[in-house]
>>> print(open('upload-v8.tsv').read())   # TSV, C-alpha atoms and all ligand atoms
chain	number	residue	atom	x	y	z
A	56	MET	CA	59.04	-15.62	27.40
A	57	ALA	CA	58.77	-13.76	24.07
A	58	ARG	CA	56.49	-10.74	24.03
A	59	SER	CA	54.70	-9.75	20.86
A	60	GLY	CA	54.63	-6.17	19.61
A	61	LYS	CA	50.95	-6.06	20.49
A	62	ASP	CA	51.73	-6.59	24.16
A	63	ARG	CA	52.06	-2.98	25.04
A	64	ASP	CA	52.27	-2.20	28.76
A	65	THR	CA	49.01	-1.31	30.39
A	66	ARG	CA	49.01	1.81	32.53
A	67	VAL	CA	46.90	1.78	35.66
A	68	ARG	CA	45.12	5.01	36.45
A	69	THR	CA	45.41	5.76	40.14
A	70	ALA	CA	41.95	5.51	41.61
A	71	LYS	CA	41.35	7.68	44.64
A	72	LYS	CA	40.83	4.77	47.01
A	73	ARG	CA	43.69	2.63	45.71
A	74	THR	CA	46.90	2.66	47.75
A	75	ALA	CA	50.25	3.11	46.01
A	76	SER	CA	51.21	-0.51	46.69
A	77	SER	CA	47.96	-1.95	45.33
A	78	THR	CA	48.32	0.24	42.22
A	79	ARG	CA	51.86	-1.15	41.75
A	80	TRP	CA	50.56	-4.71	42.24
A	81	LEU	CA	47.77	-4.17	39.69
A	82	GLN	CA	50.14	-2.61	37.17
A	83	ARG	CA	52.61	-5.49	37.53
A	84	GLN	CA	49.78	-8.03	37.25
A	85	LEU	CA	48.35	-6.42	34.10
A	86	ASN	CA	51.77	-6.31	32.42
A	87	ASP	CA	53.01	-9.73	33.52
A	88	PRO	CA	53.46	-12.01	30.46
A	89	TYR	CA	52.86	-15.11	32.63
A	90	VAL	CA	49.52	-13.72	33.81
A	91	LYS	CA	48.56	-13.07	30.17
A	92	GLN	CA	49.65	-16.57	29.11
A	93	ALA	CA	47.81	-18.21	32.03
A	94	LYS	CA	44.63	-16.41	30.98
A	95	ALA	CA	45.10	-17.47	27.34
A	96	GLU	CA	45.82	-21.10	28.22
A	97	GLY	CA	43.09	-21.46	30.84
A	98	TYR	CA	45.32	-21.82	33.90
A	99	ARG	CA	43.95	-20.40	37.14
A	100	SER	CA	47.31	-19.08	38.29
A	101	ARG	CA	50.63	-17.88	36.88
A	102	ALA	CA	52.12	-20.35	39.38
A	103	ALA	CA	51.22	-23.05	36.82
A	104	TYR	CA	54.32	-22.02	34.83
A	105	LYS	CA	56.61	-22.59	37.81
A	106	LEU	CA	55.58	-26.24	37.82
A	107	ILE	CA	55.85	-26.47	34.02
A	108	GLU	CA	59.39	-25.05	34.14
A	109	LEU	CA	60.46	-27.22	37.08
A	110	ASP	CA	59.05	-30.26	35.26
A	111	GLU	CA	61.03	-29.36	32.13
A	112	LYS	CA	64.21	-29.17	34.20
A	113	PHE	CA	63.72	-32.11	36.57
A	114	GLY	CA	61.19	-34.41	34.85
A	115	LEU	CA	58.91	-34.27	37.89
A	116	LEU	CA	55.84	-35.57	36.08
A	117	LYS	CA	57.53	-38.46	34.29
A	118	GLY	CA	55.38	-41.56	34.77
A	119	VAL	CA	53.28	-40.16	37.65
A	120	THR	CA	49.93	-41.81	38.42
A	121	ARG	CA	49.25	-40.49	41.95
A	122	VAL	CA	50.04	-36.93	42.95
A	123	VAL	CA	49.45	-34.89	46.13
A	124	ASP	CA	49.06	-31.09	45.84
A	125	LEU	CA	49.56	-29.34	49.20
A	126	GLY	CA	48.30	-25.74	49.06
A	127	ILE	CA	46.35	-26.41	45.87
A	128	ALA	CA	44.33	-23.15	45.58
A	129	PRO	CA	43.39	-21.84	43.10
A	130	GLY	CA	44.47	-25.00	41.24
A	131	GLY	CA	47.08	-24.10	38.62
A	132	TRP	CA	49.53	-26.88	39.54
A	133	SER	CA	46.82	-29.56	39.53
A	134	GLN	CA	45.58	-28.29	36.17
A	135	VAL	CA	49.11	-28.72	34.79
A	136	VAL	CA	49.36	-32.28	36.15
A	137	ARG	CA	46.01	-33.25	34.64
A	138	LYS	CA	46.86	-31.60	31.31
A	139	LEU	CA	50.24	-33.31	30.96
A	140	LYS	CA	49.20	-36.59	32.64
A	141	PRO	CA	45.43	-36.96	32.02
A	142	LYS	CA	45.32	-40.33	33.78
A	143	ALA	CA	46.95	-39.13	36.98
A	144	HIS	CA	44.86	-39.12	40.15
A	145	VAL	CA	45.47	-35.93	42.11
A	146	VAL	CA	44.55	-35.23	45.73
A	147	GLY	CA	44.80	-31.64	46.96
A	148	ILE	CA	44.31	-29.68	50.16
A	149	ASP	CA	43.99	-25.98	50.97
A	150	LEU	CA	42.66	-23.65	53.63
A	151	LEU	CA	40.72	-21.94	50.84
A	152	GLU	CA	37.83	-23.19	48.77
A	153	VAL	CA	38.82	-24.41	45.30
A	154	GLU	CA	36.60	-24.70	42.22
A	155	PRO	CA	36.39	-28.40	41.21
A	156	ILE	CA	38.96	-29.77	38.74
A	157	ASP	CA	38.23	-32.96	36.81
A	158	GLY	CA	40.20	-35.91	38.23
A	159	VAL	CA	41.26	-34.01	41.35
A	160	THR	CA	39.95	-34.72	44.87
A	161	ILE	CA	40.05	-31.53	46.88
A	162	PHE	CA	39.81	-31.01	50.64
A	163	GLN	CA	39.29	-27.63	52.27
A	164	MET	CA	41.23	-27.98	55.51
A	165	ASP	CA	44.48	-27.07	57.24
A	166	PHE	CA	47.28	-29.46	56.30
A	167	MET	CA	48.70	-28.92	59.81
A	168	ASP	CA	45.55	-30.45	61.37
A	169	ASP	CA	46.25	-33.83	62.95
A	170	GLU	CA	43.63	-35.53	60.77
A	171	ALA	CA	44.81	-34.08	57.44
A	172	PRO	CA	47.44	-36.72	56.52
A	173	ALA	CA	44.98	-39.61	57.03
A	174	VAL	CA	42.30	-37.84	54.99
A	175	LEU	CA	44.74	-37.40	52.10
A	176	GLU	CA	46.05	-40.96	52.38
A	177	ASP	CA	42.53	-42.40	52.20
A	178	ALA	CA	41.71	-40.39	49.09
A	179	LEU	CA	45.01	-41.33	47.47
A	180	GLY	CA	44.32	-45.07	47.68
A	181	GLY	CA	47.98	-46.05	47.28
A	182	LYS	CA	51.50	-44.70	47.32
A	183	ALA	CA	52.14	-41.39	45.54
A	184	ASP	CA	54.77	-40.70	42.88
A	185	LEU	CA	54.91	-36.98	43.57
A	186	VAL	CA	54.12	-34.91	46.66
A	187	MET	CA	54.28	-31.20	45.80
A	188	SER	CA	53.84	-28.30	48.18
A	189	ASP	CA	53.38	-24.70	47.12
A	190	MET	CA	52.14	-23.80	50.62
A	191	ALA	CA	53.24	-20.44	51.90
A	192	ALA	CA	52.84	-19.30	55.47
A	193	ASN	CA	51.41	-15.82	55.93
A	194	THR	CA	54.48	-13.67	56.38
A	195	VAL	CA	54.68	-11.18	59.25
A	196	GLY	CA	57.80	-9.39	58.04
A	197	HIS	CA	59.96	-10.74	60.88
A	198	LYS	CA	62.63	-12.73	59.07
A	199	GLN	CA	63.18	-15.47	61.65
A	200	THR	CA	59.45	-15.98	62.35
A	201	ASP	CA	58.67	-16.20	58.63
A	202	HIS	CA	61.53	-18.64	58.09
A	203	LEU	CA	60.37	-20.86	61.00
A	204	ARG	CA	56.75	-20.88	59.83
A	205	THR	CA	57.71	-21.76	56.29
A	206	MET	CA	60.10	-24.48	57.41
A	207	GLY	CA	57.31	-25.91	59.58
A	208	LEU	CA	55.19	-26.41	56.46
A	209	VAL	CA	58.15	-27.81	54.48
A	210	GLU	CA	58.96	-30.26	57.26
A	211	ALA	CA	55.34	-31.43	57.68
A	212	GLY	CA	55.19	-31.94	53.91
A	213	ALA	CA	58.48	-33.85	53.96
A	214	TRP	CA	57.25	-36.29	56.62
A	215	PHE	CA	54.02	-36.77	54.71
A	216	ALA	CA	56.07	-37.49	51.57
A	217	ILE	CA	58.36	-39.92	53.39
A	218	GLU	CA	55.35	-41.83	54.69
A	219	ASN	CA	53.38	-41.82	51.44
A	220	LEU	CA	55.75	-41.92	48.47
A	221	ALA	CA	56.46	-44.98	46.41
A	222	PRO	CA	60.17	-45.80	45.98
A	223	GLY	CA	61.65	-43.50	43.35
A	224	GLY	CA	59.11	-40.77	44.18
A	225	THR	CA	59.65	-37.00	44.35
A	226	TYR	CA	59.04	-34.31	46.97
A	227	LEU	CA	58.85	-30.74	45.68
A	228	ALA	CA	58.36	-27.85	48.13
A	229	LYS	CA	58.47	-24.09	48.19
A	230	VAL	CA	61.14	-22.73	50.52
A	231	LEU	CA	62.54	-19.27	51.20
A	232	ALA	CA	65.81	-17.90	49.83
A	233	GLY	CA	68.65	-19.60	51.62
A	234	GLY	CA	66.91	-22.90	51.00
A	235	THR	CA	66.20	-25.56	53.55
A	236	ASP	CA	68.03	-25.50	56.87
A	237	ASN	CA	70.64	-28.10	57.81
A	238	GLU	CA	68.33	-30.41	59.75
A	239	MET	CA	65.86	-30.47	56.88
A	240	LEU	CA	68.58	-31.10	54.31
A	241	LYS	CA	69.88	-33.97	56.44
A	242	LEU	CA	66.41	-35.52	56.60
A	243	LEU	CA	65.85	-35.20	52.86
A	244	LYS	CA	69.31	-36.53	51.97
A	245	GLN	CA	68.70	-39.49	54.23
A	246	HIS	CA	65.53	-40.44	52.34
A	247	PHE	CA	66.15	-39.23	48.76
A	248	LYS	CA	68.96	-39.90	46.29
A	249	THR	CA	69.24	-36.27	45.16
A	250	VAL	CA	68.26	-32.96	46.79
A	251	LYS	CA	68.48	-29.76	44.73
A	252	HIS	CA	67.27	-26.17	44.94
A	253	ALA	CA	65.94	-24.13	42.02
A	254	LYS	CA	64.21	-20.86	41.24
A	255	PRO	CA	62.17	-21.25	38.03
A	256	PRO	CA	62.09	-18.25	35.66
A	257	ALA	CA	58.36	-17.76	36.37
A	258	SER	CA	59.18	-17.08	40.03
A	259	ARG	CA	59.36	-13.31	40.40
A	260	LYS	CA	62.95	-12.10	40.78
A	261	GLY	CA	62.11	-9.88	43.72
A	262	SER	CA	60.45	-12.69	45.68
A	263	SER	CA	62.39	-14.77	48.16
A	264	GLU	CA	60.78	-18.04	47.09
A	265	TRP	CA	62.84	-20.98	45.92
A	266	TYR	CA	61.96	-24.65	45.54
A	267	VAL	CA	63.59	-27.75	46.96
A	268	ILE	CA	63.41	-30.83	44.75
A	269	ALA	CA	64.10	-34.18	46.41
A	270	GLN	CA	64.10	-37.06	43.93
A	271	GLY	CA	64.59	-40.81	44.04
A	272	PHE	CA	62.81	-41.66	47.30
A	273	LYS	CA	64.69	-44.54	48.84
A	274	GLY	CA	61.56	-46.13	50.37
A	275	GLY	CA	61.63	-48.53	53.24
A	276	VAL	CA	59.82	-46.42	55.86
B	301	LIG	C1	50.89	-19.90	46.29
B	301	LIG	S1	49.38	-20.62	46.71
B	301	LIG	C2	49.36	-22.09	45.73
B	301	LIG	C3	49.18	-21.87	44.24
B	301	LIG	C4	48.96	-23.17	43.50
B	301	LIG	N1	50.19	-23.96	43.42
B	301	LIG	C5	48.49	-22.93	42.10
B	301	LIG	O1	49.20	-23.22	41.14
B	301	LIG	O2	47.35	-22.49	41.93
B	301	LIG	C6	49.69	-21.22	48.32
B	301	LIG	C7	48.48	-21.84	48.99
B	301	LIG	O3	48.89	-22.52	50.19
B	301	LIG	C8	47.77	-22.52	51.06
B	301	LIG	N2	48.18	-22.88	52.40
B	301	LIG	C9	49.05	-22.22	53.22
B	301	LIG	N3	49.13	-22.85	54.42
B	301	LIG	C10	48.32	-23.93	54.35
B	301	LIG	C11	47.96	-24.97	55.28
B	301	LIG	N4	48.47	-24.99	56.51
B	301	LIG	N5	47.10	-25.91	54.88
B	301	LIG	C12	46.56	-25.88	53.63
B	301	LIG	N6	46.86	-24.93	52.71
B	301	LIG	C13	47.71	-23.97	53.06
B	301	LIG	C14	47.23	-21.11	50.93
B	301	LIG	O4	45.89	-21.04	51.35
B	301	LIG	C15	47.42	-20.83	49.43
B	301	LIG	O5	46.23	-21.05	48.71
>>> encode(input="upload-v8.tsv", output="structure tokens")
Amino acid sequence: MARSGKDRDTRVRTAKKRTASSTRWLQRQLNDPYVKQAKAEGYRSRAAYKLIELDEKFGLLKGVTRVVDLGIAPGGWSQVVRKLKPKAHVVGIDLLEVEPIDGVTIFQMDFMDDEAPAVLEDALGGKADLVMSDMAANTVGHKQTDHLRTMGLVEAGAWFAIENLAPGGTYLAKVLAGGTDNEMLKLLKQHFKTVKHAKPPASRKGSSEWYVIAQGFKGGV
């Protein structure tokens, strides 16, 4: 993203009570061009640009009318969908409360709850064209535990997608570096024509997040 001459870096004065890591976070946040752009364009999160960039590369939003947003809070991805596809009906879920978004039905609950899939299906009122998951498990710093937790969310999202997508539909999910494991890849390849991994430019270089993009749902489940 181009930066204008006016965009001089903001220095954060170290407040007494602020830890070194929160000062670093604040400094990075204040100087992040995506944060500035999100503020200027009315998006609730810089994550909005990850979806915009993935859409530019993979045409995720082409022709969508029903979309599911797993891990919707604070709402950046759904805002993008509604801005680019104003007629699309979006259904979202998150553990956190989300400010209402026009055209988006939002549930505050755990997607891993047994009832969650049925609640989303009812609100959707038909097969979806895109199931997208930006859900992230709380990391504990233990590599294998974090990987397993994240893959649990990716797998639950994949089964939901397989059961609720219209033929030709797309499943997009956040994964960790290294991508999806073999079992997951096998499942996705069985049900989708193409399965790719990508890290959009808006995804911070230091972060281990990647996205898996499964397109061309074969249907028939
Ligand atoms: C990175 S944020 C999503 C940002 C969003 N895409 C945006 O553009 O605003 C990930 C979200 O996933 C949610 N999440 C994680 N696990 C979840 C679960 N089991 N059920 C529902 N939401 C979950 C978190 O609460 C968090 O708000």
>>> atom_distance(input="upload-v8.tsv", atom1="CA of Asp201 (chain A)", atom2="CA of Ala93 (chain A)")
28.8 Å
>>> residues_near_ligand(input="upload-v8.tsv", ligand="ligand LIG 301 (chain B)", cutoff="6 Å", atoms="all atoms listed in the file", output="mmCIF file with C-alpha atoms, in the coordinates of the input")
data_model
loop_
_atom_site.group_PDB
_atom_site.id
_atom_site.type_symbol
_atom_site.label_atom_id
_atom_site.label_comp_id
_atom_site.auth_asym_id
_atom_site.auth_seq_id
_atom_site.Cartn_x
_atom_site.Cartn_y
_atom_site.Cartn_z
ATOM 1 C CA SER A 100 47.310 -19.080 38.290
ATOM 2 C CA ALA A 102 52.120 -20.350 39.380
ATOM 3 C CA ALA A 103 51.220 -23.050 36.820
ATOM 4 C CA GLY A 126 48.300 -25.740 49.060
ATOM 5 C CA ILE A 127 46.350 -26.410 45.870
ATOM 6 C CA ALA A 128 44.330 -23.150 45.580
ATOM 7 C CA PRO A 129 43.390 -21.840 43.100
ATOM 8 C CA GLY A 130 44.470 -25.000 41.240
ATOM 9 C CA GLY A 131 47.080 -24.100 38.620
ATOM 10 C CA TRP A 132 49.530 -26.880 39.540
ATOM 11 C CA ILE A 148 44.310 -29.680 50.160
ATOM 12 C CA ASP A 149 43.990 -25.980 50.970
ATOM 13 C CA LEU A 150 42.660 -23.650 53.630
ATOM 14 C CA LEU A 151 40.720 -21.940 50.840
ATOM 15 C CA ASP A 165 44.480 -27.070 57.240
ATOM 16 C CA PHE A 166 47.280 -29.460 56.300
ATOM 17 C CA MET A 167 48.700 -28.920 59.810
ATOM 18 C CA ASP A 189 53.380 -24.700 47.120
ATOM 19 C CA MET A 190 52.140 -23.800 50.620
ATOM 20 C CA ALA A 191 53.240 -20.440 51.900
ATOM 21 C CA ALA A 192 52.840 -19.300 55.470
#
>>> residues_around(input="upload-v8.tsv", residues="region 215-221 of chain A", least_positions_apart="2", cutoff="6 Å", atoms="only C-alpha atoms", output="list in words")
Lys182, Ala183, Asp184, Val186, Gly212, Ala213 and Gly224 of chain A
>>> residues_near_point(input="upload-v8.tsv", point="(46.1, -33.8, 45.3)", cutoff="10 Å", atoms="only C-alpha atoms", output="ChimeraX atom specification")
/A:121-127,130,132-133,136,143-149,158-162,175,178-179,183,185-188
>>> closest_residue(input="upload-v8.tsv", among="A:Glu264, A:Asp169, A:Asp110, A:Glu176", to="Val135 (chain A)", atoms="all atoms listed in the file")
A:Asp110
>>> atom_distance(input="upload-v8.tsv", atom1="CA of Val276 (chain A)", atom2="CA of Phe247 (chain A)")
11.9 Å
>>> atom_distance(input="upload-v8.tsv", atom1="CA of Gly114 (chain A)", atom2="CA of Arg204 (chain A)")
28.8 Å
>>> closest_residue(input="upload-v8.tsv", among="A:Glu108, A:Asp87, A:Glu154, A:Asp236", to="His202 (chain A)", atoms="all atoms listed in the file")
A:Asp236
>>> closest_residue(input="upload-v8.tsv", among="A:Lys244, A:Lys273, A:Lys260, A:Lys229", to="Leu109 (chain A)", atoms="all atoms listed in the file")
A:Lys229
